[in-house]
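K.L.:
This is structure_5.pdb, which holds PDB, C-alpha atoms:
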MODEL        1
ATOM      1  CA  MET E   1      76.811 -43.287 -64.400  1.00  0.00           C
ATOM      2  CA  GLY E   2      77.548 -40.148 -62.483  1.00  0.00           C
ATOM      3  CA  ALA E   3      76.429 -37.836 -59.750  1.00  0.00           C
ATOM      4  CA  THR E   4      76.244 -34.108 -59.359  1.00  0.00           C
ATOM      5  CA  VAL E   5      75.871 -32.414 -56.028  1.00  0.00           C
ATOM      6  CA  LEU E   6      75.172 -28.855 -54.920  1.00  0.00           C
ATOM      7  CA  SER E   7      76.813 -27.602 -51.727  1.00  0.00           C
ATOM      8  CA  PRO E   8      76.962 -30.961 -49.962  1.00  0.00           C
ATOM      9  CA  VAL E   9      77.391 -31.515 -46.264  1.00  0.00           C
ATOM     10  CA  THR E  10      79.994 -34.276 -46.300  1.00  0.00           C
ATOM     11  CA  ASP E  11      81.348 -33.916 -42.750  1.00  0.00           C
ATOM     12  CA  LEU E  12      78.802 -33.915 -39.953  1.00  0.00           C
ATOM     13  CA  ALA E  13      81.674 -33.486 -37.505  1.00  0.00           C
ATOM     14  CA  LEU E  14      81.774 -29.916 -38.913  1.00  0.00           C
ATOM     15  CA  THR E  15      85.580 -29.796 -38.977  1.00  0.00           C
ATOM     16  CA  GLY E  16      85.940 -27.749 -42.170  1.00  0.00           C
ATOM     17  CA  LYS E  17      87.842 -24.506 -41.671  1.00  0.00           C
ATOM     18  CA  SER E  18      85.361 -22.662 -43.868  1.00  0.00           C
ATOM     19  CA  PHE E  19      82.899 -22.763 -40.952  1.00  0.00           C
ATOM     20  CA  GLU E  20      85.164 -20.056 -39.525  1.00  0.00           C
ATOM     21  CA  THR E  21      86.662 -18.454 -42.652  1.00  0.00           C
ATOM     22  CA  ARG E  22      83.272 -17.985 -44.376  1.00  0.00           C
ATOM     23  CA  ALA E  23      81.143 -17.401 -41.276  1.00  0.00           C
ATOM     24  CA  GLU E  24      80.741 -13.677 -41.883  1.00  0.00           C
ATOM     25  CA  VAL E  25      79.701 -13.996 -45.534  1.00  0.00           C
ATOM     26  CA  ASP E  26      77.414 -17.055 -45.437  1.00  0.00           C
ATOM     27  CA  PRO E  27      73.894 -15.804 -44.743  1.00  0.00           C
ATOM     28  CA  TYR E  28      72.415 -19.282 -44.278  1.00  0.00           C
ATOM     29  CA  PHE E  29      74.420 -21.276 -41.763  1.00  0.00           C
ATOM     30  CA  ILE E  30      76.293 -20.739 -38.542  1.00  0.00           C
ATOM     31  CA  LYS E  31      78.280 -23.542 -36.962  1.00  0.00           C
ATOM     32  CA  SER E  32      76.263 -23.664 -33.738  1.00  0.00           C
ATOM     33  CA  GLN E  33      73.025 -23.969 -35.738  1.00  0.00           C
ATOM     34  CA  ALA E  34      74.518 -26.726 -37.898  1.00  0.00           C
ATOM     35  CA  ALA E  35      75.790 -28.555 -34.793  1.00  0.00           C
ATOM     36  CA  GLY E  36      72.307 -28.517 -33.301  1.00  0.00           C
ATOM     37  CA  LEU E  37      70.807 -29.923 -36.504  1.00  0.00           C
ATOM     38  CA  VAL E  38      73.485 -32.630 -36.647  1.00  0.00           C
ATOM     39  CA  ARG E  39      72.832 -33.719 -33.045  1.00  0.00           C
ATOM     40  CA  SER E  40      69.070 -33.819 -33.579  1.00  0.00           C
ATOM     41  CA  TYR E  41      69.635 -35.922 -36.707  1.00  0.00           C
ATOM     42  CA  LEU E  42      72.335 -38.287 -35.439  1.00  0.00           C
ATOM     43  CA  GLY E  43      71.690 -38.440 -31.707  1.00  0.00           C
ATOM     44  CA  GLU E  44      74.633 -40.322 -30.247  1.00  0.00           C
ATOM     45  CA  THR E  45      75.843 -41.748 -33.566  1.00  0.00           C
ATOM     46  CA  ASP E  46      79.537 -41.158 -34.256  1.00  0.00           C
ATOM     47  CA  LEU E  47      79.922 -37.971 -36.290  1.00  0.00           C
ATOM     48  CA  ASN E  48      82.665 -39.670 -38.331  1.00  0.00           C
ATOM     49  CA  ASN E  49      80.453 -42.617 -39.283  1.00  0.00           C
ATOM     50  CA  PRO E  50      80.707 -42.804 -43.087  1.00  0.00           C
ATOM     51  CA  LEU E  51      76.994 -43.594 -43.308  1.00  0.00           C
ATOM     52  CA  ALA E  52      76.377 -40.116 -41.885  1.00  0.00           C
ATOM     53  CA  SER E  53      79.485 -38.276 -43.068  1.00  0.00           C
ATOM     54  CA  PRO E  54      80.512 -39.495 -46.531  1.00  0.00           C
ATOM     55  CA  LEU E  55      83.835 -37.643 -46.246  1.00  0.00           C
ATOM     56  CA  TYR E  56      85.011 -40.498 -44.002  1.00  0.00           C
ATOM     57  CA  GLY E  57      83.828 -43.328 -46.241  1.00  0.00           C
ATOM     58  CA  ASN E  58      85.586 -45.508 -48.778  1.00  0.00           C
ATOM     59  CA  LEU E  59      85.168 -43.590 -52.038  1.00  0.00           C
ATOM     60  CA  THR E  60      86.862 -46.179 -54.256  1.00  0.00           C
ATOM     61  CA  GLY E  61      84.741 -47.239 -57.210  1.00  0.00           C
ATOM     62  CA  LEU E  62      82.305 -44.332 -57.158  1.00  0.00           C
ATOM     63  CA  PRO E  63      81.055 -43.014 -60.494  1.00  0.00           C
ATOM     64  CA  ALA E  64      82.110 -39.620 -61.829  1.00  0.00           C
ATOM     65  CA  ILE E  65      81.153 -36.796 -59.477  1.00  0.00           C
ATOM     66  CA  ARG E  66      80.730 -33.071 -60.085  1.00  0.00           C
ATOM     67  CA  ILE E  67      80.273 -30.801 -57.088  1.00  0.00           C
ATOM     68  CA  HIS E  68      79.207 -27.169 -57.297  1.00  0.00           C
ATOM     69  CA  VAL E  69      79.627 -24.876 -54.297  1.00  0.00           C
ATOM     70  CA  GLY E  70      79.740 -21.148 -53.657  1.00  0.00           C
ATOM     71  CA  ASP E  71      82.995 -19.560 -52.528  1.00  0.00           C
ATOM     72  CA  ASP E  72      81.088 -17.747 -49.762  1.00  0.00           C
ATOM     73  CA  GLU E  73      79.723 -20.909 -48.122  1.00  0.00           C
ATOM     74  CA  VAL E  74      80.650 -22.418 -44.783  1.00  0.00           C
ATOM     75  CA  LEU E  75      80.303 -25.757 -46.614  1.00  0.00           C
ATOM     76  CA  LEU E  76      83.132 -24.927 -49.035  1.00  0.00           C
ATOM     77  CA  ASP E  77      85.674 -27.123 -47.255  1.00  0.00           C
ATOM     78  CA  ASP E  78      83.236 -30.053 -47.136  1.00  0.00           C
ATOM     79  CA  SER E  79      83.222 -29.944 -50.934  1.00  0.00           C
ATOM     80  CA  ARG E  80      86.962 -29.379 -51.310  1.00  0.00           C
ATOM     81  CA  ARG E  81      87.967 -32.190 -48.986  1.00  0.00           C
ATOM     82  CA  TYR E  82      85.458 -34.633 -50.449  1.00  0.00           C
ATOM     83  CA  VAL E  83      86.699 -34.035 -54.004  1.00  0.00           C
ATOM     84  CA  GLU E  84      90.328 -34.344 -52.860  1.00  0.00           C
ATOM     85  CA  ARG E  85      89.575 -37.695 -51.210  1.00  0.00           C
ATOM     86  CA  ALA E  86      87.566 -38.884 -54.222  1.00  0.00           C
ATOM     87  CA  ILE E  87      90.426 -38.072 -56.613  1.00  0.00           C
ATOM     88  CA  ALA E  88      92.877 -39.847 -54.289  1.00  0.00           C
ATOM     89  CA  ALA E  89      90.570 -42.898 -54.468  1.00  0.00           C
ATOM     90  CA  GLY E  90      90.683 -42.846 -58.275  1.00  0.00           C
ATOM     91  CA  VAL E  91      87.287 -41.257 -58.821  1.00  0.00           C
ATOM     92  CA  ASP E  92      86.698 -38.853 -61.714  1.00  0.00           C
ATOM     93  CA  ALA E  93      85.762 -35.939 -59.460  1.00  0.00           C
ATOM     94  CA  THR E  94      85.555 -32.235 -60.239  1.00  0.00           C
ATOM     95  CA  LEU E  95      84.837 -29.267 -58.005  1.00  0.00           C
ATOM     96  CA  ASP E  96      83.323 -26.090 -59.412  1.00  0.00           C
ATOM     97  CA  ILE E  97      83.681 -23.186 -56.984  1.00  0.00           C
ATOM     98  CA  TRP E  98      81.494 -20.196 -57.814  1.00  0.00           C
ATOM     99  CA  MET E  99      83.158 -16.988 -56.685  1.00  0.00           C
ATOM    100  CA  GLY E 100      81.060 -14.594 -54.608  1.00  0.00           C
ATOM    101  CA  MET E 101      78.180 -17.058 -54.406  1.00  0.00           C
ATOM    102  CA  ALA E 102      76.444 -18.067 -51.194  1.00  0.00           C
ATOM    103  CA  HIS E 103      74.706 -21.331 -50.344  1.00  0.00           C
ATOM    104  CA  GLY E 104      71.728 -22.008 -52.578  1.00  0.00           C
ATOM    105  CA  PHE E 105      72.863 -19.644 -55.318  1.00  0.00           C
ATOM    106  CA  VAL E 106      71.423 -21.933 -58.005  1.00  0.00           C
ATOM    107  CA  ASN E 107      67.975 -20.943 -56.769  1.00  0.00           C
ATOM    108  CA  GLY E 108      68.685 -17.591 -58.415  1.00  0.00           C
ATOM    109  CA  VAL E 109      67.880 -18.812 -61.930  1.00  0.00           C
ATOM    110  CA  GLY E 110      66.612 -15.819 -63.853  1.00  0.00           C
ATOM    111  CA  THR E 111      68.455 -13.358 -61.626  1.00  0.00           C
ATOM    112  CA  LEU E 112      71.982 -14.772 -61.179  1.00  0.00           C
ATOM    113  CA  GLU E 113      74.080 -15.584 -64.220  1.00  0.00           C
ATOM    114  CA  ALA E 114      76.115 -18.032 -62.108  1.00  0.00           C
ATOM    115  CA  ALA E 115      72.954 -20.017 -61.350  1.00  0.00           C
ATOM    116  CA  ALA E 116      72.184 -20.461 -65.037  1.00  0.00           C
ATOM    117  CA  GLU E 117      75.802 -21.363 -65.808  1.00  0.00           C
ATOM    118  CA  ALA E 118      75.968 -23.926 -62.988  1.00  0.00           C
ATOM    119  CA  LEU E 119      72.715 -25.569 -64.016  1.00  0.00           C
ATOM    120  CA  SER E 120      73.840 -25.638 -67.639  1.00  0.00           C
ATOM    121  CA  ALA E 121      77.110 -27.332 -66.630  1.00  0.00           C
ATOM    122  CA  ILE E 122      75.185 -29.850 -64.542  1.00  0.00           C
ATOM    123  CA  GLY E 123      72.858 -30.615 -67.456  1.00  0.00           C
ATOM    124  CA  LYS E 124      75.793 -31.077 -69.828  1.00  0.00           C
ATOM    125  CA  PHE E 125      77.575 -33.415 -67.408  1.00  0.00           C
ATOM    126  CA  LEU E 126      74.469 -35.520 -66.792  1.00  0.00           C
ATOM    127  CA  ASN E 127      73.656 -35.718 -70.506  1.00  0.00           C
ATOM    128  CA  GLU E 128      77.192 -36.928 -71.223  1.00  0.00           C
ATOM    129  CA  ARG E 129      77.006 -39.529 -68.461  1.00  0.00           C
ATOM    130  CA  LEU E 130      73.609 -40.790 -69.605  1.00  0.00           C
ATOM    131  CA  ALA E 131      74.798 -41.013 -73.224  1.00  0.00           C
ATOM    132  CA  GLU E 132      77.783 -43.104 -72.097  1.00  0.00           C
ATOM    133  CA  ALA E 133      75.492 -45.384 -70.088  1.00  0.00           C
ATOM    134  CA  ARG E 134      73.379 -46.164 -73.141  1.00  0.00           C
TER     135      ARG E 134
ENDMDL
END
Once more with this new file: its structure as structure tokens, please.

P.N.:
Amino acid sequence: MGATVLSPVTDLALTGKSFETRAEVDPYFIKSQAAGLVRSYLGETDLNNPLASPLYGNLTGLPAIRIHVGDDEVLLDDSRRYVERAIAAGVDATLDIWMGMAHGFVNGVGTLEAAAEALSAIGKFLNERLAEAR
């Protein structure tokens, strides 16, 4: 078993520093926009509720996880912190950071080499995990 994730939002409290450090280079998200989406989604639910923000959950016992994220994303720290917590919980977790890539870069298959490489790595990981499960 295993999971692979692209640019996840793991912290709906939006506390990652990359919301500030990557704000000028991420063409897709700004913190105020994300905060509005979070409030419309969660209402009054606690932003740190692990059912909404997996960063705050108990990660022990999860299957292997591979996360791919662009270095130019405001969501970079969501990925970093989640993988750090997963490893601390004993999970086989790996973070692939794609330099110079913005959110959604894997949509650039056919035009971005990084997109093809990321999707190839994801396919390899999932094939390995499925072979082990058999």

K.L.:
Restricting the calculation to only C-alpha atoms: of E:Gly61, E:Pro50, E:Asp71, E:Trp98, which residue gets closest to Ala116 of chain E?

P.N.:
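With only C-alpha atoms as the atom set, the closest residue is E:Trp98.
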
K.L.:
Considering all atoms listed in the file, state which residue in the set E:Val9, E:Val38, E:Leu130, E:Ile65 is at the smallest distance from Thr94 of chain E.

P.N.:
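For Thr94 of chain E, the nearest of the candidates is E:Ile65.
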
K.L.:
Selected by the PyMOL selection byres ((chain E and resi 32) around 12) in the shown coordinates: which residues, as an MDAnalysis selection string?

P.N.:
chainID E and resid 13:14 19:20 23 29:31 33:39 74

K.L.:
Give me the result of the PyMOL selection byres ((chain E and resi 52) around 12) on this file, residue by residue, as a compact mmCIF listing (two decimals) with C-alpha atoms, in the coordinates of the input.

P.N.:
# COMPACT_ATOMS: atom_id res chain seq x y z
CA VAL E 9 77.39 -31.52 -46.26
CA THR E 10 79.99 -34.28 -46.30
CA ASP E 11 81.35 -33.92 -42.75
CA LEU E 12 78.80 -33.92 -39.95
CA ALA E 13 81.67 -33.49 -37.51
CA LEU E 14 81.77 -29.92 -38.91
CA VAL E 38 73.48 -32.63 -36.65
CA ARG E 39 72.83 -33.72 -33.04
CA TYR E 41 69.64 -35.92 -36.71
CA LEU E 42 72.33 -38.29 -35.44
CA GLY E 43 71.69 -38.44 -31.71
CA GLU E 44 74.63 -40.32 -30.25
CA THR E 45 75.84 -41.75 -33.57
CA ASP E 46 79.54 -41.16 -34.26
CA LEU E 47 79.92 -37.97 -36.29
CA ASN E 48 82.66 -39.67 -38.33
CA ASN E 49 80.45 -42.62 -39.28
CA PRO E 50 80.71 -42.80 -43.09
CA LEU E 51 76.99 -43.59 -43.31
CA SER E 53 79.48 -38.28 -43.07
CA PRO E 54 80.51 -39.49 -46.53
CA LEU E 55 83.84 -37.64 -46.25
CA TYR E 56 85.01 -40.50 -44.00
CA GLY E 57 83.83 -43.33 -46.24

K.L.:
Given the file above and the PyMOL selection byres ((chain E and resi 117) around 12), which residues are selected, and can you give them as a list in words?

P.N.:
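Checking the PyMOL selection byres ((chain E and resi 117) around 12) against this file, the residues are His68, Asp96, Ile97, Trp98, Phe105, Val106, Asn107, Gly108, Val109, Gly110, Thr111, Leu112, Glu113, Ala114, Ala115, Ala116, Ala118, Leu119, Ser120, Ala121, Ile122, Gly123 and Lys124 of chain E.
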
K.L.:
What lies within 6 Å of Ala89 of chain E using all atoms listed in the file, ignoring chain neighbours under 2 positions off, as a ChimeraX atom specification?

P.N.:
/E:59-60,86-87,91

K.L.:
To one decimal place in Å, what is the distance between atom CA of Val25 of chain E and atom CA of Asp78 of chain E?

P.N.:
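One can read the atom CA of Val25 of chain E to atom CA of Asp78 of chain E distance as 16.5 Å.
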
K.L.:
For each of E:Leu126, E:Val69, E:Leu62, E:Leu75, take the minimum atom-to-atom distance to Ala88 of chain E, counting all atoms listed in the file, then give the residue where this is smallest.

P.N.:
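Residue with the minimum atom-to-atom distance to Ala88 of chain E: E:Leu62.
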
K.L.:
Between atom CA of Asp77 of chain E and atom CA of Gly16 of chain E, what is the spacing in Å?

P.N.:
5.1 Å
